[in-house]
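Visitor: My questions will all concern the structure given below.
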Amino acid sequence: MMSIPFFGIALAFLCVLIGQRLAAIALWGLSLIALLALFRMHATDPLNLVL
């Protein structure tokens, strides 16, 4: 699940190489939103620490 934003960014770079600027910006934005959503999910998980 954590690889989804990185694949999106890789596709955005490919769109840049092809010349599809608008598609690259859209993929980058979607990847950023997915990355922030995943961060929020993981940052609020409780830690299972046994001391």
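Ligands are numbered from 1 in the order shown, residues from 1 within each chain, and chains are lettered A, B, ... in the order they appear in the structure tokens.
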DSSP says helix (DSSP H, G or I) for which residues of chain A? Put them as a PyMOL selection string?
Guide: chain A and resi 4-18+21-43
Visitor: Near range 13-16 of chain A, within 12 Å and counting only C-alpha atoms, which residues show up once chain neighbours fewer than 6 positions away are dropped, as a list in words?
Guide: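 Counting only C-alpha atoms, the residues come to Phe6, Phe7, Leu22, Ala23, Ala24, Ile25, Ala26, Leu27, Trp28 and Ser31 of chain A.
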Visitor: Can you list, as a list in words, every protein, DNA or RNA residue that comes within 12 Å of Ser3 in chain A when you count only C-alpha atoms, leaving out same-chain residues fewer than 2 positions away?
Guide: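 My reading of the contact set: Met1, Pro5, Phe6, Phe7, Gly8, Ile9, Ala10, Ser31, Ala34, Leu35 and Leu38 of chain A.
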Visitor: When you draw a straight line from CA of Ile4 in chain A to CA of Ala43 in chain A, how long is it in Å?
Guide: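 CA of Ala43 in chain A lies at a distance of 17.6 Å from CA of Ile4 in chain A.
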